[in-house]
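The data block below is coords.txt; it holds compact mmCIF, C-alpha atoms and all ligand atoms.
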# COMPACT_ATOMS: atom_id res chain seq x y z
CA MET B 4 12.45 -55.94 44.44
CA ILE B 5 9.00 -54.49 45.14
CA ARG B 6 9.84 -50.92 46.13
CA ALA B 7 6.66 -49.55 47.65
CA PRO B 8 4.10 -50.98 50.10
CA PHE B 9 0.64 -51.84 48.85
CA GLN B 10 -2.58 -53.27 50.20
CA LEU B 11 -3.60 -56.66 48.76
CA HIS B 12 -7.30 -57.40 48.19
CA ARG B 13 -8.70 -60.81 47.27
CA PRO B 14 -12.30 -60.41 46.10
CA ASP B 15 -14.24 -63.56 45.19
CA SER B 16 -16.50 -62.00 42.54
CA ILE B 17 -16.27 -59.57 39.64
CA ASP B 18 -18.74 -57.24 41.34
CA ALA B 19 -16.58 -57.11 44.46
CA ALA B 20 -13.50 -56.38 42.33
CA VAL B 21 -15.34 -53.56 40.54
CA ARG B 22 -16.50 -52.09 43.87
CA LEU B 23 -12.91 -52.07 45.11
CA LEU B 24 -11.66 -50.43 41.90
CA SER B 25 -14.41 -47.79 42.14
CA ARG B 26 -13.65 -47.05 45.77
CA CYS B 27 -9.95 -46.60 45.04
CA ALA B 28 -10.75 -44.33 42.07
CA GLN B 29 -13.10 -42.22 44.22
CA ASN B 30 -10.40 -41.88 46.89
CA GLY B 31 -7.80 -40.92 44.27
CA GLU B 32 -5.74 -44.04 45.06
CA ASP B 33 -4.00 -46.02 42.34
CA ALA B 34 -5.20 -49.62 42.10
CA LYS B 35 -4.19 -52.45 39.77
CA LEU B 36 -5.82 -55.77 39.05
CA LEU B 37 -3.54 -58.77 39.43
CA ALA B 38 -3.99 -61.75 37.10
CA GLY B 39 -0.90 -63.86 36.37
CA GLY B 40 1.49 -61.13 37.50
CA GLN B 41 3.82 -61.70 34.53
CA SER B 42 3.72 -58.06 33.45
CA LEU B 43 2.51 -56.28 36.58
CA LEU B 44 5.14 -57.70 38.93
CA PRO B 45 8.12 -57.00 36.64
CA SER B 46 6.76 -53.44 36.22
CA MET B 47 6.58 -53.08 40.02
CA ASN B 48 10.04 -54.58 40.45
CA LEU B 49 11.44 -52.05 38.00
CA GLY B 50 9.64 -49.22 39.79
CA LEU B 51 7.60 -48.35 36.69
CA VAL B 52 4.35 -48.60 38.67
CA ALA B 53 3.67 -48.49 42.39
CA PRO B 54 -0.05 -49.08 42.99
CA ALA B 55 -1.32 -48.48 46.51
CA HIS B 56 -3.83 -51.31 46.07
CA ILE B 57 -3.53 -54.64 44.30
CA ILE B 58 -6.79 -56.42 43.58
CA SER B 59 -6.16 -60.07 42.81
CA LEU B 60 -8.51 -61.82 40.39
CA ASN B 61 -7.12 -65.21 41.37
CA HIS B 62 -10.04 -65.97 43.74
CA VAL B 63 -12.78 -65.02 41.29
CA THR B 64 -14.37 -68.15 39.82
CA GLY B 65 -15.50 -68.51 36.22
CA LEU B 66 -12.79 -66.43 34.55
CA ASP B 67 -10.84 -69.46 33.37
CA ALA B 68 -13.44 -71.14 31.13
CA ILE B 69 -13.40 -71.61 27.36
CA ARG B 70 -16.83 -72.49 25.98
CA ARG B 71 -18.63 -72.63 22.67
CA ASP B 72 -21.77 -70.52 22.47
CA GLY B 73 -23.33 -71.12 19.04
CA GLU B 74 -20.98 -69.74 16.41
CA THR B 75 -18.90 -67.91 19.03
CA LEU B 76 -16.19 -69.02 21.42
CA ALA B 77 -16.18 -67.26 24.79
CA ILE B 78 -12.75 -67.24 26.45
CA GLY B 79 -12.52 -66.11 30.07
CA ALA B 80 -10.06 -63.30 30.75
CA GLY B 81 -8.31 -65.53 33.30
CA VAL B 82 -7.49 -68.32 30.84
CA THR B 83 -3.73 -68.82 30.82
CA HIS B 84 -1.60 -68.81 27.68
CA TYR B 85 -0.91 -72.50 28.35
CA ALA B 86 -4.62 -73.36 28.54
CA LEU B 87 -5.27 -71.43 25.32
CA ALA B 88 -2.45 -73.26 23.56
CA GLU B 89 -3.70 -76.67 24.75
CA SER B 90 -7.45 -76.12 24.31
CA GLU B 91 -8.96 -78.69 21.93
CA VAL B 92 -11.95 -76.42 21.31
CA LEU B 93 -9.68 -73.62 20.18
CA GLN B 94 -7.35 -75.88 18.22
CA THR B 95 -10.39 -77.11 16.30
CA HIS B 96 -12.44 -73.94 15.89
CA CYS B 97 -10.00 -71.02 16.17
CA PRO B 98 -6.52 -72.51 15.85
CA ILE B 99 -4.79 -69.16 15.32
CA LEU B 100 -5.41 -68.29 18.98
CA SER B 101 -3.82 -71.53 20.21
CA GLU B 102 -0.90 -71.00 17.85
CA THR B 103 -0.44 -67.45 19.14
CA ALA B 104 -0.60 -68.48 22.80
CA ALA B 105 1.95 -71.24 22.25
CA CYS B 106 4.63 -68.78 21.11
CA ILE B 107 4.37 -66.41 24.09
CA GLY B 108 7.42 -66.24 26.35
CA ASP B 109 8.54 -69.45 28.03
CA VAL B 110 6.82 -72.25 29.96
CA GLN B 111 6.72 -70.28 33.23
CA VAL B 112 5.19 -67.22 31.58
CA ARG B 113 2.62 -69.33 29.72
CA ASN B 114 1.66 -71.17 32.91
CA ARG B 115 0.85 -67.99 34.83
CA GLY B 116 0.13 -65.29 32.24
CA THR B 117 -3.46 -64.77 31.09
CA LEU B 118 -5.28 -63.47 28.04
CA GLY B 119 -6.95 -60.72 30.09
CA GLY B 120 -3.63 -59.64 31.61
CA SER B 121 -2.04 -59.37 28.19
CA ILE B 122 -4.89 -57.12 27.03
CA GLY B 123 -4.83 -55.06 30.23
CA HIS B 124 -1.08 -54.53 29.99
CA PHE B 125 -1.11 -54.04 26.20
CA ASP B 126 2.53 -54.10 25.27
CA PRO B 127 2.65 -53.02 21.58
CA ALA B 128 4.79 -56.13 20.91
CA ALA B 129 2.20 -58.45 22.51
CA ASP B 130 1.06 -61.30 20.30
CA TYR B 131 -2.71 -61.45 20.93
CA PRO B 132 -3.79 -57.94 19.89
CA PRO B 133 -3.17 -58.22 16.11
CA VAL B 134 -4.87 -61.62 16.08
CA LEU B 135 -7.90 -60.42 18.08
CA VAL B 136 -8.23 -57.41 15.78
CA LEU B 137 -8.25 -59.56 12.63
CA LEU B 138 -10.78 -61.95 14.21
CA ASP B 139 -13.16 -59.06 15.00
CA ALA B 140 -13.10 -60.20 18.63
CA ALA B 141 -15.55 -58.67 21.11
CA PHE B 142 -14.45 -57.81 24.66
CA GLN B 143 -16.86 -58.14 27.58
CA VAL B 144 -16.12 -55.59 30.26
CA VAL B 145 -17.80 -55.04 33.63
CA GLY B 146 -17.73 -51.69 35.42
CA PRO B 147 -19.80 -49.77 37.99
CA GLY B 148 -22.51 -49.18 35.36
CA GLY B 149 -22.81 -52.86 34.42
CA GLU B 150 -21.51 -54.81 31.43
CA ARG B 151 -20.55 -53.46 28.03
CA THR B 152 -19.08 -55.02 24.91
CA VAL B 153 -16.23 -53.37 23.04
CA ALA B 154 -14.91 -54.31 19.59
CA ALA B 155 -11.21 -55.25 19.53
CA GLN B 156 -10.53 -52.44 17.07
CA ASP B 157 -11.73 -49.94 19.72
CA VAL B 158 -9.77 -51.41 22.64
CA PHE B 159 -6.17 -50.66 21.63
CA VAL B 160 -6.05 -46.88 21.38
CA ASP B 161 -2.39 -45.87 21.78
CA TYR B 162 1.02 -47.03 23.01
CA MET B 163 0.32 -49.23 26.08
CA THR B 164 -3.10 -47.63 26.38
CA THR B 165 -6.48 -49.33 26.11
CA SER B 166 -9.99 -47.92 26.23
CA LEU B 167 -10.77 -49.95 29.39
CA GLY B 168 -11.66 -47.72 32.34
CA ALA B 169 -9.63 -47.75 35.57
CA ASP B 170 -12.71 -49.13 37.34
CA GLU B 171 -13.50 -51.84 34.77
CA VAL B 172 -12.65 -55.54 34.63
CA LEU B 173 -12.30 -57.44 31.37
CA THR B 174 -14.20 -60.69 31.89
CA ALA B 175 -14.23 -62.49 28.54
CA ILE B 176 -13.21 -62.27 24.90
CA ARG B 177 -15.50 -63.63 22.19
CA VAL B 178 -14.13 -64.85 18.88
CA PRO B 179 -15.91 -66.51 15.96
CA VAL B 180 -15.92 -70.24 15.22
CA LEU B 181 -13.93 -70.42 11.98
CA SER B 182 -15.26 -72.44 9.06
CA SER B 183 -13.31 -75.40 7.63
CA ASP B 184 -12.53 -73.49 4.39
CA THR B 185 -10.55 -70.94 6.43
CA GLY B 186 -6.80 -71.19 6.94
CA THR B 187 -5.04 -69.11 9.57
CA ALA B 188 -1.48 -68.59 10.76
CA TYR B 189 0.43 -66.46 13.25
CA VAL B 190 4.16 -66.04 12.62
CA LYS B 191 6.53 -64.02 14.70
CA PHE B 192 10.00 -62.59 14.26
CA THR B 193 11.99 -62.58 17.51
CA ARG B 194 15.62 -62.11 18.39
CA VAL B 195 15.66 -65.13 20.72
CA GLU B 196 13.34 -68.10 21.18
CA GLY B 197 10.47 -67.08 23.45
CA GLY B 198 11.18 -63.37 23.12
CA PHE B 199 8.74 -60.57 22.41
CA ALA B 200 7.88 -60.03 18.74
CA ILE B 201 9.93 -57.56 16.74
CA VAL B 202 7.22 -58.14 14.18
CA GLY B 203 4.22 -60.50 14.44
CA VAL B 204 1.75 -61.21 11.65
CA GLY B 205 -1.58 -63.02 11.77
CA ALA B 206 -3.30 -64.08 8.54
CA TYR B 207 -6.83 -65.33 7.90
CA LEU B 208 -7.72 -66.64 4.45
CA ARG B 209 -11.12 -68.06 3.54
CA LEU B 210 -11.49 -69.64 0.10
CA ASN B 211 -14.37 -69.93 -2.35
CA PRO B 212 -15.19 -73.48 -3.59
CA ASP B 213 -13.16 -72.72 -6.76
CA GLY B 214 -10.09 -71.88 -4.65
CA THR B 215 -10.22 -68.11 -5.14
CA CYS B 216 -10.17 -65.74 -2.20
CA ARG B 217 -13.46 -65.33 -0.38
CA SER B 218 -11.99 -63.29 2.46
CA ILE B 219 -8.49 -62.20 3.53
CA ARG B 220 -7.50 -60.44 6.74
CA VAL B 221 -4.08 -59.60 8.10
CA GLY B 222 -3.20 -58.19 11.54
CA ILE B 223 0.28 -56.98 12.45
CA CYS B 224 2.13 -56.02 15.63
CA GLY B 225 5.42 -54.14 15.51
CA ALA B 226 4.34 -51.92 12.62
CA ALA B 227 2.88 -49.17 14.82
CA PRO B 228 2.12 -48.47 18.51
CA VAL B 229 -1.25 -50.22 18.04
CA PRO B 230 -2.08 -53.37 16.07
CA VAL B 231 -2.56 -52.74 12.38
CA ARG B 232 -5.24 -54.49 10.32
CA LEU B 233 -4.68 -54.35 6.56
CA THR B 234 -8.17 -53.21 5.65
CA THR B 235 -6.98 -51.84 2.27
CA ILE B 236 -6.66 -55.36 0.81
CA GLU B 237 -9.84 -56.85 2.19
CA ASP B 238 -12.15 -55.78 -0.65
CA THR B 239 -9.66 -55.46 -3.49
CA LEU B 240 -8.45 -59.07 -3.27
CA THR B 241 -11.86 -60.76 -2.98
CA ASP B 242 -12.49 -63.42 -5.68
CA ARG B 243 -8.90 -63.21 -6.92
CA ALA B 244 -6.79 -66.33 -7.55
CA VAL B 245 -4.55 -66.99 -4.55
CA ASP B 246 -1.21 -67.26 -6.32
CA ASP B 247 2.23 -65.70 -5.93
CA THR B 248 0.96 -62.38 -7.32
CA PHE B 249 -1.79 -62.35 -4.71
CA ILE B 250 0.64 -63.09 -1.88
CA GLU B 251 3.04 -60.37 -3.06
CA ALA B 252 0.14 -57.88 -3.22
CA VAL B 253 -0.65 -58.59 0.44
CA ALA B 254 3.02 -58.39 1.45
CA ASP B 255 3.47 -55.10 -0.42
CA ALA B 256 0.32 -53.67 1.18
CA ALA B 257 1.72 -54.61 4.59
CA TYR B 258 5.01 -52.88 3.77
CA GLU B 259 3.19 -49.72 2.65
CA THR B 260 0.93 -49.69 5.70
CA ALA B 261 3.85 -50.11 8.11
CA HIS B 262 5.23 -46.74 7.05
CA ASP B 263 6.29 -45.65 10.52
CA PRO B 264 7.20 -48.60 12.76
CA VAL B 265 8.64 -47.90 16.20
CA ALA B 266 12.42 -48.40 16.03
CA GLU B 267 13.93 -50.51 18.81
CA LEU B 268 17.39 -51.56 19.98
CA HIS B 269 17.64 -54.63 17.75
CA ALA B 270 15.68 -53.41 14.73
CA ASP B 271 15.57 -49.95 13.18
CA ALA B 272 12.43 -48.73 11.43
CA ASP B 273 13.54 -49.65 7.87
CA TYR B 274 14.49 -53.16 8.92
CA LYS B 275 11.22 -53.68 10.77
CA ARG B 276 9.28 -52.52 7.74
CA GLU B 277 11.08 -55.04 5.54
CA MET B 278 10.41 -57.77 8.12
CA VAL B 279 6.72 -56.86 8.05
CA ARG B 280 6.77 -57.67 4.33
CA VAL B 281 8.69 -60.95 4.82
CA PHE B 282 6.55 -62.22 7.70
CA THR B 283 3.30 -61.22 6.01
CA ARG B 284 4.32 -63.30 3.00
CA ARG B 285 5.05 -66.27 5.32
CA ALA B 286 1.80 -65.91 7.24
CA VAL B 287 -0.36 -65.78 4.10
CA LYS B 288 1.46 -68.74 2.52
CA THR B 289 0.93 -70.83 5.65
CA ALA B 290 -2.72 -69.79 5.91
CA LEU B 291 -3.21 -70.85 2.27
CA GLU B 292 -1.64 -74.28 2.91
CA ARG B 293 -4.02 -74.73 5.85
CA ALA B 294 -7.10 -73.59 3.94
CA THR B 295 -6.72 -76.17 1.20
C1 LIG Q 301 9.92 -63.22 30.38
C2 LIG Q 301 8.62 -62.77 29.75
C3 LIG Q 301 8.41 -63.01 28.39
C4 LIG Q 301 7.22 -62.61 27.79
N1 LIG Q 301 7.05 -62.83 26.45
C5 LIG Q 301 5.90 -62.45 25.86
C6 LIG Q 301 5.70 -62.69 24.46
O1 LIG Q 301 6.53 -63.28 23.77
N2 LIG Q 301 4.52 -62.27 23.92
C7 LIG Q 301 3.53 -61.65 24.66
O2 LIG Q 301 2.50 -61.27 24.11
N3 LIG Q 301 3.71 -61.42 25.99
C8 LIG Q 301 4.85 -61.80 26.59
N4 LIG Q 301 5.03 -61.59 27.94
C9 LIG Q 301 3.93 -60.96 28.71
C10 LIG Q 301 2.97 -62.04 29.19
O3 LIG Q 301 2.15 -62.43 28.10
C11 LIG Q 301 2.04 -61.64 30.33
O4 LIG Q 301 1.43 -62.82 30.77
C12 LIG Q 301 0.92 -60.69 30.02
O5 LIG Q 301 1.37 -59.53 29.37
C13 LIG Q 301 0.24 -60.25 31.30
O6 LIG Q 301 -0.63 -61.27 31.77
P1 LIG Q 301 -0.80 -61.53 33.30
O7 LIG Q 301 -1.98 -62.44 33.44
O8 LIG Q 301 0.46 -62.00 33.86
O9 LIG Q 301 -1.25 -60.08 33.84
P2 LIG Q 301 -0.71 -59.22 35.08
O10 LIG Q 301 0.75 -59.04 34.98
O11 LIG Q 301 -1.26 -59.73 36.34
O12 LIG Q 301 -1.45 -57.85 34.73
C14 LIG Q 301 -1.04 -57.07 33.63
C15 LIG Q 301 -1.93 -55.82 33.53
O13 LIG Q 301 -3.24 -56.17 33.11
C16 LIG Q 301 -4.21 -55.73 34.06
N5 LIG Q 301 -5.24 -56.77 34.12
C17 LIG Q 301 -5.06 -58.08 34.43
N6 LIG Q 301 -6.21 -58.76 34.31
C18 LIG Q 301 -7.14 -57.86 33.92
C19 LIG Q 301 -8.54 -57.94 33.62
N7 LIG Q 301 -9.22 -59.10 33.70
N8 LIG Q 301 -9.19 -56.81 33.24
C20 LIG Q 301 -8.53 -55.63 33.13
N9 LIG Q 301 -7.21 -55.48 33.41
C21 LIG Q 301 -6.52 -56.59 33.78
C22 LIG Q 301 -3.43 -55.58 35.36
O14 LIG Q 301 -4.03 -54.65 36.23
C23 LIG Q 301 -2.08 -55.09 34.86
O15 LIG Q 301 -2.13 -53.71 34.61
C24 LIG Q 301 6.20 -61.97 28.58
C25 LIG Q 301 6.40 -61.76 29.94
C26 LIG Q 301 7.59 -62.15 30.52
C27 LIG Q 301 7.80 -61.92 32.01

Show how you would write the structure in this file as structure tokens.
Amino acid sequence: MIRAPFQLHRPDSIDAAVRLLSRCAQNGEDAKLLAGGQSLLPSMNLGLVAPAHIISLNHVTGLDAIRRDGETLAIGAGVTHYALAESEVLQTHCPILSETAACIGDVQVRNRGTLGGSIGHFDPAADYPPVLVLLDAAFQVVGPGGERTVAAQDVFVDYMTTSLGADEVLTAIRVPVLSSDTGTAYVKFTRVEGGFAIVGVGAYLRLNPDGTCRSIRVGICGAAPVPVRLTTIEDTLTDRAVDDTFIEAVADAAYETAHDPVAELHADADYKREMVRVFTRRAVKTALERAT
């Protein structure tokens, strides 16, 4: 049940949405953007938030496009999880994003929920953030001062807190076109099918022509309040043979990095840490199979 009245706005452009956000901020009134409503509406139903103004992005055109721009893929903030999962462009050039989108919630959530909404809400168990961090994604944001670009690493700053301003709209996320010698995988440990991740691990492995490691990146959710990227292994494992010893080194590094995971009802901190190791091993193995 929605517990408090609010005023609904339906702007038809990003600029109009930004003007509304700015006006609310100047008047000291709480305003929230509405995308798919899959996180905002449950939060309102539970009484966790009660914005005086809701600014729907559902009448703004151009937010739902996925297009290739040279060696970059630009994904509109309004692209749904379903569209991400089904996109041929993404399946071909950045399959880890399609794989990630496909494991979010259930059919209803994927049909309505959007990439931008997931970033804006930023649940620490959300699946996109660790993947966007390992891909070095760039976020395009529009505010009263114009457009700015923020690196994924600088967006997720604390538990359910992003660096996006209250008067800013995320419009698109840019990720690189991955080369054919790159294998990626996103694996997720959940209590029930379609549930939020207890631990989620994304792996990116690019091979040299001789099969050794050219580049390895791992991003993890569930290990800390913000997504963790295993930067410690990125230089030390370059040019090494990708064998069982290599995979164990990555899994051990993940275990060491996840030294203080947030305990939850179904998984205490020690258990989560062990699952970080197990799911990192699985993600890297799958990425290797896909790279060769
Ligand atoms: C049953 C259920 C299961 C779920 N399971 C998962 C799961 O397994 N994994 C997972 O990652 N998520 C899961 N989710 C969350 C889901 O992914 C949501 O779709 C997502 O978190 C929010 O997207 P939305 O488009 O619905 O945003 P909304 O709910 O409309 O908005 C969420 C927040 O983002 C802000 N916002 C929206 N768009 C923008 C924008 N363009 N710029 C700036 N701020 C914006 C809003 O103001 C609001 O604060 C689940 C949700 C439900 C209800």

**Item:** Contacts with ligand LIG 301 (chain Q) at most 8 Å, only C-alpha atoms and all ligand atoms counted, listed as an MDAnalysis selection string
**Value:** chainID B and resid 34:45 60 80:81 83:84 104 106:109 112:113 115:126 128:131 144 167 171:175 197:200

Find the nearest atom pair between each residue of segment 195-271 of chain B and segment 149-155 of chain B for residues within 12 Å, count all atoms listed in the file, give distances in Å to one decimal, sort rows by chain and ascending number, and present the table as JSON lines.
{"residue": "B:Gly222", "atom": "CA", "partner": "B:Ala155", "partner_atom": "CA", "distance": 11.7}
{"residue": "B:Val229", "atom": "CA", "partner": "B:Ala155", "partner_atom": "CA", "distance": 11.3}
{"residue": "B:Pro230", "atom": "CA", "partner": "B:Ala155", "partner_atom": "CA", "distance": 9.9}
{"residue": "B:Val231", "atom": "CA", "partner": "B:Ala155", "partner_atom": "CA", "distance": 11.5}
{"residue": "B:Arg232", "atom": "CA", "partner": "B:Ala155", "partner_atom": "CA", "distance": 11.0}

Mind dumping the selected residues with C-alpha atoms as a PDB file, in the coordinates of the input?
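Dumped everything to selection07.pdb:
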ATOM      1  CA  GLY B 222      -3.200 -58.190  11.540  1.00  0.00           C
ATOM      2  CA  VAL B 229      -1.250 -50.220  18.040  1.00  0.00           C
ATOM      3  CA  PRO B 230      -2.080 -53.370  16.070  1.00  0.00           C
ATOM      4  CA  VAL B 231      -2.560 -52.740  12.380  1.00  0.00           C
ATOM      5  CA  ARG B 232      -5.240 -54.490  10.320  1.00  0.00           C
TER       6      ARG B 232
END

**Message:** Using Å and a single decimal, report how far atom CA of Pro127 of chain B sits from atom CA of Tyr274 of chain B.
**Reply:**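 The value is 17.3 Å.
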
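Going from atom CA of Arg217 of chain B to atom CA of Asp72 of chain B covers 24.9 Å.
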
**Prompt:** Taking only C-alpha atoms into account, which of B:Gln143, B:Tyr85, B:Ala226, B:Leu24 comes nearest Asp271 of chain B?
**Reply:**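 Comparing B:Gln143, B:Tyr85, B:Ala226, B:Leu24 against Asp271 of chain B, the winner is B:Ala226.
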